[in-house]
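Visitor: Below: one structure in structure tokens.
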Amino acid sequence: MHLKKKKLKILIMGLPGSGKTTLAKKLKKKIKCHWINADNVRRKFKDWDFSRKGVIRQARRMGQLANKSKNKIIIADFICPYNEGRKLFSPNIIIWMDTIKKGRLSTFDKTFQKPKKFDLRLKTKNLINNTKKVNDFLKKKIIK
């Protein structure tokens, strides 16, 4: 596969429990990519600060890790609740998991800023359908 761009950074974002990691794991099996999971990154850096400052720091860190990746396709799944964090991560594609009204961690229920710009919005927690929708969408971005 050849990309239209040199590197494709895909952000899968949404409230805690919306299905981000489940979708990212499934996509990783389907396409050759580097997967960056927020919980794994927090574990590695021993940083479980979910304050606004901590969340912004995490978005910056996730962006740095994605930029350092040698892979052409990077999938990162994290809450990314603030517009500022999305700008710092700087994705080519935003997939918004808008599948729940309240998250597993109530911390973000009131502070989560719904994205004004996104490439794909998934509204149900149907892994098979969501994987197909994302896969079909990505085929348009990737030249075989």
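Residue names in the structure tokens use chain letters A, B, ... in the order shown, residue numbers from 1 in each chain, and ligand numbers from 1 in the order shown.
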Among the residues of chain A, find those DSSP assigns to alpha helix (DSSP H) from the backbone and print them as a PyMOL selection string.
Guide: chain A and resi 20-30+38-45+52-68+83-89+127-141
Visitor: So that I can check the surroundings of A:Lys114, please list as an MDAnalysis selection string every protein, DNA and RNA residue that reaches within 9 Å of it, counting only C-alpha atoms and ignoring chain neighbours fewer than 5 positions away.
Guide: chainID A and resid 14 81:83 96 98
Visitor: Could I get the residues of stretch 19-80 of chain A with an atom no further than 12 Å from an atom of stretch 115-122 of chain A, each paired with its nearest atom pair and that distance in Å to one decimal, using only C-alpha atoms, sorted by chain and residue number, as a tab-separated table?
Guide:
residue	atom	partner	partner_atom	distance
A:Gly19	CA	A:Leu122	CA	9.9
A:Lys20	CA	A:Leu122	CA	10.3
A:Leu23	CA	A:Leu122	CA	10.7
A:Ile79	CA	A:Pro115	CA	11.5
A:Cys80	CA	A:Pro115	CA	9.7
Visitor: For A:Lys123, which of A:Asn135, A:Ser18, A:Ser90, A:Gln64 is the closest residue, counting only C-alpha atoms?
Guide: A:Ser18
Visitor: Find the residue from A:Asp39, A:Glu84, A:Thr22, A:Ala76 that sits nearest to A:Asn126; use only C-alpha atoms when measuring.
Guide: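 Among A:Asp39, A:Glu84, A:Thr22, A:Ala76, it is A:Thr22 that comes nearest to A:Asn126.
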Visitor: Report the distance between atom CA of A:Trp35 and atom CA of A:Leu127 in Å, rounded to one decimal place.
Guide: 17.4 Å
Visitor: Between A:Lys6, A:Lys32, A:Val55, A:Leu11, single out the one closest to A:Ile95, counting only C-alpha atoms.
Guide: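 Closest to A:Ile95, using only C-alpha atoms: A:Leu11.
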Visitor: When you draw a straight line from atom CA of A:Ile36 to atom CA of A:Ala24, how long is it in Å?
Guide: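 Those two atoms sit 8.9 Å apart.
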Visitor: Env of A:Lys72: 8 Å cut, atoms = only C-alpha atoms, seq-sep filter 3 positions within chain, self excluded. Answer as a VMD selection string.
Guide: chain A and resid 3 6 to 8 33 69
Visitor: Filtering to C-alpha atoms, could you give me those residues as an mmCIF file, in the first residue's frame?
Guide:
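Saved as again30.cif:
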data_model
loop_
_atom_site.group_PDB
_atom_site.id
_atom_site.type_symbol
_atom_site.label_atom_id
_atom_site.label_comp_id
_atom_site.auth_asym_id
_atom_site.auth_seq_id
_atom_site.Cartn_x
_atom_site.Cartn_y
_atom_site.Cartn_z
ATOM 1 C CA LEU A 3 -0.100 6.523 1.079
ATOM 2 C CA LYS A 6 4.073 10.460 3.837
ATOM 3 C CA LYS A 7 2.548 9.639 7.240
ATOM 4 C CA LEU A 8 -1.061 9.104 8.221
ATOM 5 C CA CYS A 33 0.192 0.277 11.376
ATOM 6 C CA SER A 69 7.112 6.265 14.569
#
Visitor: Could you pull out all residues of chain A with a DSSP call of strand (DSSP E or B) and give them as number ranges by chain?
Guide: A: 2-3, 8-13, 34-37, 73-77, 93-97, 120-122, 142-143
Visitor: Do you know which residues are at most 8 Å from A:Phe89 counting only C-alpha atoms, after dropping those on the same chain fewer than 3 positions away, and could you put them as a list of chain:residue names?
Guide: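 The contact residues come out as A:Ala59, A:Arg60, A:Met62, A:Gly63, A:Gln64, A:Gly85, A:Arg86.
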Visitor: Pick out the closest residue to A:Lys70 from this set: A:Phe112, A:Lys25, A:Lys101, A:His34. Count only C-alpha atoms.
Guide: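 Residue with the minimum atom-to-atom distance to A:Lys70: A:His34.
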Visitor: Compare A:Leu27, A:Val41, A:Ile94, A:Ile128 by their minimum atom-to-atom distance to A:Lys9, counting only C-alpha atoms, and give me the closest one.
Guide: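 For A:Lys9, the nearest of the candidates is A:Ile94.
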